[in-house]
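Written below as structure tokens is the structure these notes are about.
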Amino acid sequence: PKGLRVRVSSCPPLIMKVTVDSKKGLKTNLKVFVDKKTIEEKIAVRLNELSKTANMKGFRPGKVPVGVLKRQFGKAVYGEVLEKILKETSTKALEEKKIKVAGQPKLELKSYGEGKDLNYTLEVNELPSIKLKSLDAIRFTNYEIKVSEDDTKKRIDDIAKNQNNFKEKDENEIAQNGDSIAFDYNATIENKNFEGGEGKNTQIVLGKDLFIKGFDKQLLGVKKNQKKEVIAILPENYPKKEFANKKASFKCSILSVKKPEAVKVDDQFAKNLGAKDLSDLKELISKQIQNQYKMNLDSLSKEKILNQIEKLHEIELPDNLVQQELALISQGLKKEDVEKNKKESEKIAKKRIKLGLILNELGENNNLKVDEQELRNEIQKQIQSMPGQQKQVLEYYKNNPSATVSLRGSIYEEKIINLIKEKSKQTKKIISVKEAEQLIKDQHKTHEHFKEEESKKPKKTVKSSKKLKKIRKK
């Protein structure tokens with residue numbers, strides 16, 4: 001409108017100069033220069049902003065002269081402006097030189113200060129340039145598991161055996177291995193009561209020796225309503241350390257003796273497990289077995305695909321990323337174990353970083369992304385697989401952002417693996433449960449054999465063509 005005065009305030013543009021000081025392999029050193037005039041202009045803009053909101057004694061709010069603010073807060077404002085300039089110029093320097101950074105660059109101030117030019121260096125580890133190879137040469141087997149009626153029956157029978165169905169014995173029948181005993185006890189050490197030395201309706205299954213070592217054997221032959229003294233040594237990990245490894249006398253009152261009873265596999269048994277009837281249970285168990293082995297065999301196929309992908313590409317690895325991965329692998333290990341496994345850990349670290357870079361390049365080249373809906377769907381799958389714990393699963397992802405990031409990474413990797421499968425040659429193979437078990441067993445042996453061979457290798461270097469091809473997957 002006519003007569004309206006519009007005031008536009010803008011921050012002065014950054015004038016900077018970036019030069020490559022040195023470059024060796026993936027390491028690049030940049031020199032960054034910002035002249036003092038640019039810095040002073042930005043300080044002036046900031047002081048002007050503060051003058052409009054500052055509240056100082058002797059001045060009206062928003063009417064504090066810039067000169068007064070500069071005398072009192074000049075150093076603080078310079079520090080604030082310097083931090084912003086470093087952040088902005090370092091980002092622009094990397095963009096200008098088209099550098100893809102591997103990890104955090106190392107910034108070193110060379111000269112700076114109020115009324116001075118700014119000079120600093122950036123030590124950068126670059127991501128390598130990756131020339132992706134054709135995926136036509138990749139081969140893998142897509143296994144389908146054929147579950148027989150016998151496989152399903154065996155699994156259901158195993159479930160039935162573990163149902164712990166017990167029937168009360170007559171009062172004159174003695175306890176045998178496999179029986180369930182319920183008893184109260186009062187224990188003493190040297191005729192003195194101790195903390196934790198009393199128990200009510202304690203239940204154990206004789207022969208499993210899960211209570212205190214040697215306790216079960218002394219209850220063999222007892223009957224209901226009988227009193228029995230049991231002498232036992234308290235375990236090393238007893239909560240109260242002063243009583244650990246002490247001999248204790250347990251005065252036991254037998255409340256009941258029950259014998260195991262075979263569970264009848266019928267429609268009611270199936271309903272107790274959440275199925276509609278026995279036929280439905282068989283179908284559910286069959287799918288469960290199929291999914292169990294399918295998941296394991298898909299993992300084997302994925303490992304073979306990744307091994308082929310790695311061998312197809314030769315790339316230089318950023319040392320800082322390898323060292324970071326090595327630190328993660330060695331986390332929690334004793335110093336001697338770290339040294340002992342150093343060579344193998346380095347190979348694993350290098351393989352992980354190499355594959356990560358290759359897969360990421362594949363994902364970027366094919367514009368693969370994980371959207372929020374895919375993330376929500378995956379969390380929903382986890383919720384459905386854990387009935388009764390929906391709230392805990394949701395709370396876990398809500399309170400652990402790193403878990404969500406990790407889940408997103410897993411989905412992203414799976415999309416890349418599926419892309420590779422689409423572009424490579426697959427062989428479909430239908431196998432039995434027994435064959436699937438053997439394949440998984442053989443793969444496990446291969447990993448263990450590789451581990452043993454690595455520990456036996458002489459200290460002399462081995463030609464790359466003779467190195468073992470399998471790398472144990474952590």
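Every chain in the structure tokens has a letter given in the order shown (A, B, ...), and although residue numbers restart at 1 in each chain, ligands are simply numbered from 1 in the order shown.
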
Q.
Run DSSP on the backbone and tell me which residues of region 211-341 of chain A come out as strand (DSSP E or B); list them as a list in words.
A.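 Of region 211-341 of chain A, only Lys227, Lys228, Glu229, Val230, Ile231, Ala232, Ile233, Lys247, Ala248, Ser249, Phe250, Lys251, Cys252, Ser253, Ile254, Leu255, Ser256, Val257, Lys258, Lys259 and Pro260 of chain A fall in strand (DSSP E or B).
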
Written file, previous selection with N, CA, C and O atoms, as a PDB file, in the first residue's frame:
ATOM      1  N   LYS A 227       7.956 -85.986  56.099  1.00  0.00           N
ATOM      2  CA  LYS A 227       8.983 -84.998  56.443  1.00  0.00           C
ATOM      3  C   LYS A 227      10.324 -85.561  55.979  1.00  0.00           C
ATOM      4  O   LYS A 227      10.588 -86.752  56.147  1.00  0.00           O
ATOM      5  N   LYS A 228      11.152 -84.716  55.421  1.00  0.00           N
ATOM      6  CA  LYS A 228      12.434 -85.192  54.896  1.00  0.00           C
ATOM      7  C   LYS A 228      13.497 -84.109  55.083  1.00  0.00           C
ATOM      8  O   LYS A 228      13.278 -82.949  54.725  1.00  0.00           O
ATOM      9  N   GLU A 229      14.655 -84.503  55.619  1.00  0.00           N
ATOM     10  CA  GLU A 229      15.765 -83.558  55.745  1.00  0.00           C
ATOM     11  C   GLU A 229      16.707 -83.749  54.558  1.00  0.00           C
ATOM     12  O   GLU A 229      17.091 -84.872  54.228  1.00  0.00           O
ATOM     13  N   VAL A 230      17.054 -82.646  53.933  1.00  0.00           N
ATOM     14  CA  VAL A 230      17.963 -82.672  52.781  1.00  0.00           C
ATOM     15  C   VAL A 230      19.167 -81.785  53.109  1.00  0.00           C
ATOM     16  O   VAL A 230      19.001 -80.635  53.528  1.00  0.00           O
ATOM     17  N   ILE A 231      20.366 -82.350  52.945  1.00  0.00           N
ATOM     18  CA  ILE A 231      21.602 -81.590  53.170  1.00  0.00           C
ATOM     19  C   ILE A 231      22.156 -81.178  51.801  1.00  0.00           C
ATOM     20  O   ILE A 231      22.348 -82.020  50.918  1.00  0.00           O
ATOM     21  N   ALA A 232      22.383 -79.875  51.621  1.00  0.00           N
ATOM     22  CA  ALA A 232      22.873 -79.388  50.325  1.00  0.00           C
ATOM     23  C   ALA A 232      23.833 -78.218  50.517  1.00  0.00           C
ATOM     24  O   ALA A 232      23.774 -77.503  51.524  1.00  0.00           O
ATOM     25  N   ILE A 233      24.728 -78.051  49.541  1.00  0.00           N
ATOM     26  CA  ILE A 233      25.670 -76.926  49.544  1.00  0.00           C
ATOM     27  C   ILE A 233      25.054 -75.781  48.735  1.00  0.00           C
ATOM     28  O   ILE A 233      24.696 -75.961  47.571  1.00  0.00           O
ATOM     29  N   LYS A 247      27.185 -75.248  53.822  1.00  0.00           N
ATOM     30  CA  LYS A 247      26.336 -76.443  53.934  1.00  0.00           C
ATOM     31  C   LYS A 247      25.066 -76.068  54.694  1.00  0.00           C
ATOM     32  O   LYS A 247      25.132 -75.489  55.780  1.00  0.00           O
ATOM     33  N   ALA A 248      23.917 -76.387  54.107  1.00  0.00           N
ATOM     34  CA  ALA A 248      22.636 -76.041  54.724  1.00  0.00           C
ATOM     35  C   ALA A 248      21.776 -77.284  54.901  1.00  0.00           C
ATOM     36  O   ALA A 248      21.830 -78.224  54.102  1.00  0.00           O
ATOM     37  N   SER A 249      20.981 -77.261  55.977  1.00  0.00           N
ATOM     38  CA  SER A 249      20.048 -78.359  56.252  1.00  0.00           C
ATOM     39  C   SER A 249      18.635 -77.879  55.933  1.00  0.00           C
ATOM     40  O   SER A 249      18.162 -76.897  56.495  1.00  0.00           O
ATOM     41  N   PHE A 250      17.962 -78.590  55.022  1.00  0.00           N
ATOM     42  CA  PHE A 250      16.611 -78.232  54.601  1.00  0.00           C
ATOM     43  C   PHE A 250      15.604 -79.214  55.221  1.00  0.00           C
ATOM     44  O   PHE A 250      15.655 -80.423  54.945  1.00  0.00           O
ATOM     45  N   LYS A 251      14.729 -78.703  56.092  1.00  0.00           N
ATOM     46  CA  LYS A 251      13.651 -79.529  56.657  1.00  0.00           C
ATOM     47  C   LYS A 251      12.450 -79.374  55.726  1.00  0.00           C
ATOM     48  O   LYS A 251      11.837 -78.308  55.639  1.00  0.00           O
ATOM     49  N   CYS A 252      12.138 -80.453  55.003  1.00  0.00           N
ATOM     50  CA  CYS A 252      11.107 -80.386  53.958  1.00  0.00           C
ATOM     51  C   CYS A 252       9.821 -81.089  54.380  1.00  0.00           C
ATOM     52  O   CYS A 252       9.867 -82.198  54.958  1.00  0.00           O
ATOM     53  N   SER A 253       8.689 -80.446  54.083  1.00  0.00           N
ATOM     54  CA  SER A 253       7.373 -81.060  54.285  1.00  0.00           C
ATOM     55  C   SER A 253       6.764 -81.293  52.911  1.00  0.00           C
ATOM     56  O   SER A 253       6.455 -80.330  52.191  1.00  0.00           O
ATOM     57  N   ILE A 254       6.597 -82.563  52.522  1.00  0.00           N
ATOM     58  CA  ILE A 254       6.110 -82.901  51.185  1.00  0.00           C
ATOM     59  C   ILE A 254       4.601 -82.652  51.104  1.00  0.00           C
ATOM     60  O   ILE A 254       3.822 -83.260  51.841  1.00  0.00           O
ATOM     61  N   LEU A 255       4.220 -81.755  50.207  1.00  0.00           N
ATOM     62  CA  LEU A 255       2.803 -81.401  50.046  1.00  0.00           C
ATOM     63  C   LEU A 255       2.102 -82.300  49.037  1.00  0.00           C
ATOM     64  O   LEU A 255       0.933 -82.653  49.205  1.00  0.00           O
ATOM     65  N   SER A 256       2.812 -82.640  47.953  1.00  0.00           N
ATOM     66  CA  SER A 256       2.213 -83.502  46.927  1.00  0.00           C
ATOM     67  C   SER A 256       3.295 -84.178  46.091  1.00  0.00           C
ATOM     68  O   SER A 256       4.408 -83.657  45.975  1.00  0.00           O
ATOM     69  N   VAL A 257       2.949 -85.340  45.555  1.00  0.00           N
ATOM     70  CA  VAL A 257       3.814 -86.043  44.603  1.00  0.00           C
ATOM     71  C   VAL A 257       2.948 -86.352  43.381  1.00  0.00           C
ATOM     72  O   VAL A 257       1.910 -86.994  43.497  1.00  0.00           O
ATOM     73  N   LYS A 258       3.393 -85.871  42.218  1.00  0.00           N
ATOM     74  CA  LYS A 258       2.614 -86.064  40.983  1.00  0.00           C
ATOM     75  C   LYS A 258       3.462 -86.766  39.938  1.00  0.00           C
ATOM     76  O   LYS A 258       4.666 -86.507  39.830  1.00  0.00           O
ATOM     77  N   LYS A 259       2.819 -87.646  39.182  1.00  0.00           N
ATOM     78  CA  LYS A 259       3.533 -88.340  38.113  1.00  0.00           C
ATOM     79  C   LYS A 259       3.177 -87.739  36.756  1.00  0.00           C
ATOM     80  O   LYS A 259       2.058 -87.245  36.571  1.00  0.00           O
ATOM     81  N   PRO A 260       4.135 -87.783  35.830  1.00  0.00           N
ATOM     82  CA  PRO A 260       3.851 -87.218  34.497  1.00  0.00           C
ATOM     83  C   PRO A 260       2.827 -88.061  33.759  1.00  0.00           C
ATOM     84  O   PRO A 260       2.820 -89.297  33.863  1.00  0.00           O
TER      85      PRO A 260
END

Legend entry - Residues within 10 Å of Ile309 (chain A), only C-alpha atoms, excluding chain neighbours under 2 positions, as a list in words: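 Result of the neighbour search: Leu132, Lys133, Ser134, Leu135, Ala137, Ile138, Glu303, Lys304, Ile305, Leu306, Asn307, Lys311, Leu312, His313, Lys354, Leu355, Ile358, Leu359 and Ile420 of chain A.
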
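Taking only C-alpha atoms into account, Asn164 (chain A) lies nearest to A:Ile204 out of the set A:Ile204, A:Ile353, A:Val405, A:Ala187.
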
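The residue that comes closest to Asn365 (chain A), out of A:Gly113, A:Lys84, A:Gln163, A:Lys131 and on the basis of only C-alpha atoms, is A:Lys131.
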
Q. Of the residues A:Gln104, A:Val81, A:Asn48, A:Phe33, which is the one nearest to Asp117 (chain A), using only C-alpha atoms?
A.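 The closest residue to Asp117 (chain A) is A:Phe33.
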
**OP:** Considering only C-alpha atoms, return as a list of chain:residue names whatever protein or nucleic-acid residues lie within 10 Å of Asn296 (chain A), sequence-local ones (same chain, fewer than 5 positions apart) excluded.
**Re:**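 My reading of the contact set: A:Asn291, A:Ser301, A:Lys302, A:Ala436, A:Glu437, A:Leu439, A:Ile440.
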
message: Neighbouring residues of Gln323 (chain A) were defined as those with any atom within 9 Å, considering only C-alpha atoms; residues of the same chain fewer than 5 positions away were excluded. Please report them as a PyMOL selection string.
response: chain A and resi 318+328+346+349

Since we have the selection now, will you write its residues out, keeping N, CA, C and O atoms, as a compact mmCIF listing (two decimals), in the first residue's frame?
# COMPACT_ATOMS: atom_id res chain seq x y z
N PRO A 318 37.93 -46.46 3.40
CA PRO A 318 38.34 -45.39 4.33
C PRO A 318 38.79 -46.01 5.65
O PRO A 318 38.02 -46.75 6.28
N LEU A 328 33.70 -51.60 17.24
CA LEU A 328 32.40 -52.21 17.56
C LEU A 328 32.53 -53.71 17.75
O LEU A 328 31.95 -54.30 18.66
N GLU A 346 39.79 -57.72 11.79
CA GLU A 346 40.07 -56.74 10.73
C GLU A 346 39.44 -57.17 9.41
O GLU A 346 38.89 -56.35 8.68
N ALA A 349 35.73 -56.62 9.72
CA ALA A 349 35.44 -55.17 9.67
C ALA A 349 35.53 -54.66 8.23
O ALA A 349 34.65 -53.92 7.77

Next item on the list: Could you give me, as a PyMOL selection string, the residues within 10 Å of Asp267 (chain A), counting only C-alpha atoms and dropping anything in the same chain fewer than 5 positions from it?
Entry: chain A and resi 272-273+275-281

Requested in this report: Once DSSP has gone over the backbone, tell me which residues of region 12-166 of chain A are in alpha helix (DSSP H), as JSON, numbers by chain.
Outcome: {"A": [36, 37, 38, 39, 40, 41, 42, 43, 44, 45, 46, 47, 48, 49, 50, 51, 66, 67, 68, 69, 70, 71, 72, 73, 74, 75, 76, 77, 78, 79, 80, 81, 82, 83, 84, 85, 86, 87, 88, 89, 90, 91, 92, 93, 94, 95, 96, 149, 150, 151, 152, 153, 154, 155, 156, 157, 158, 159, 160, 161]}

* **Test item: residues at most 10 Å from Lys213 (chain A), only C-alpha atoms, excluding those fewer than 4 positions along its chain, as a PyMOL selection string** => chain A and resi 208-209+217+232-235
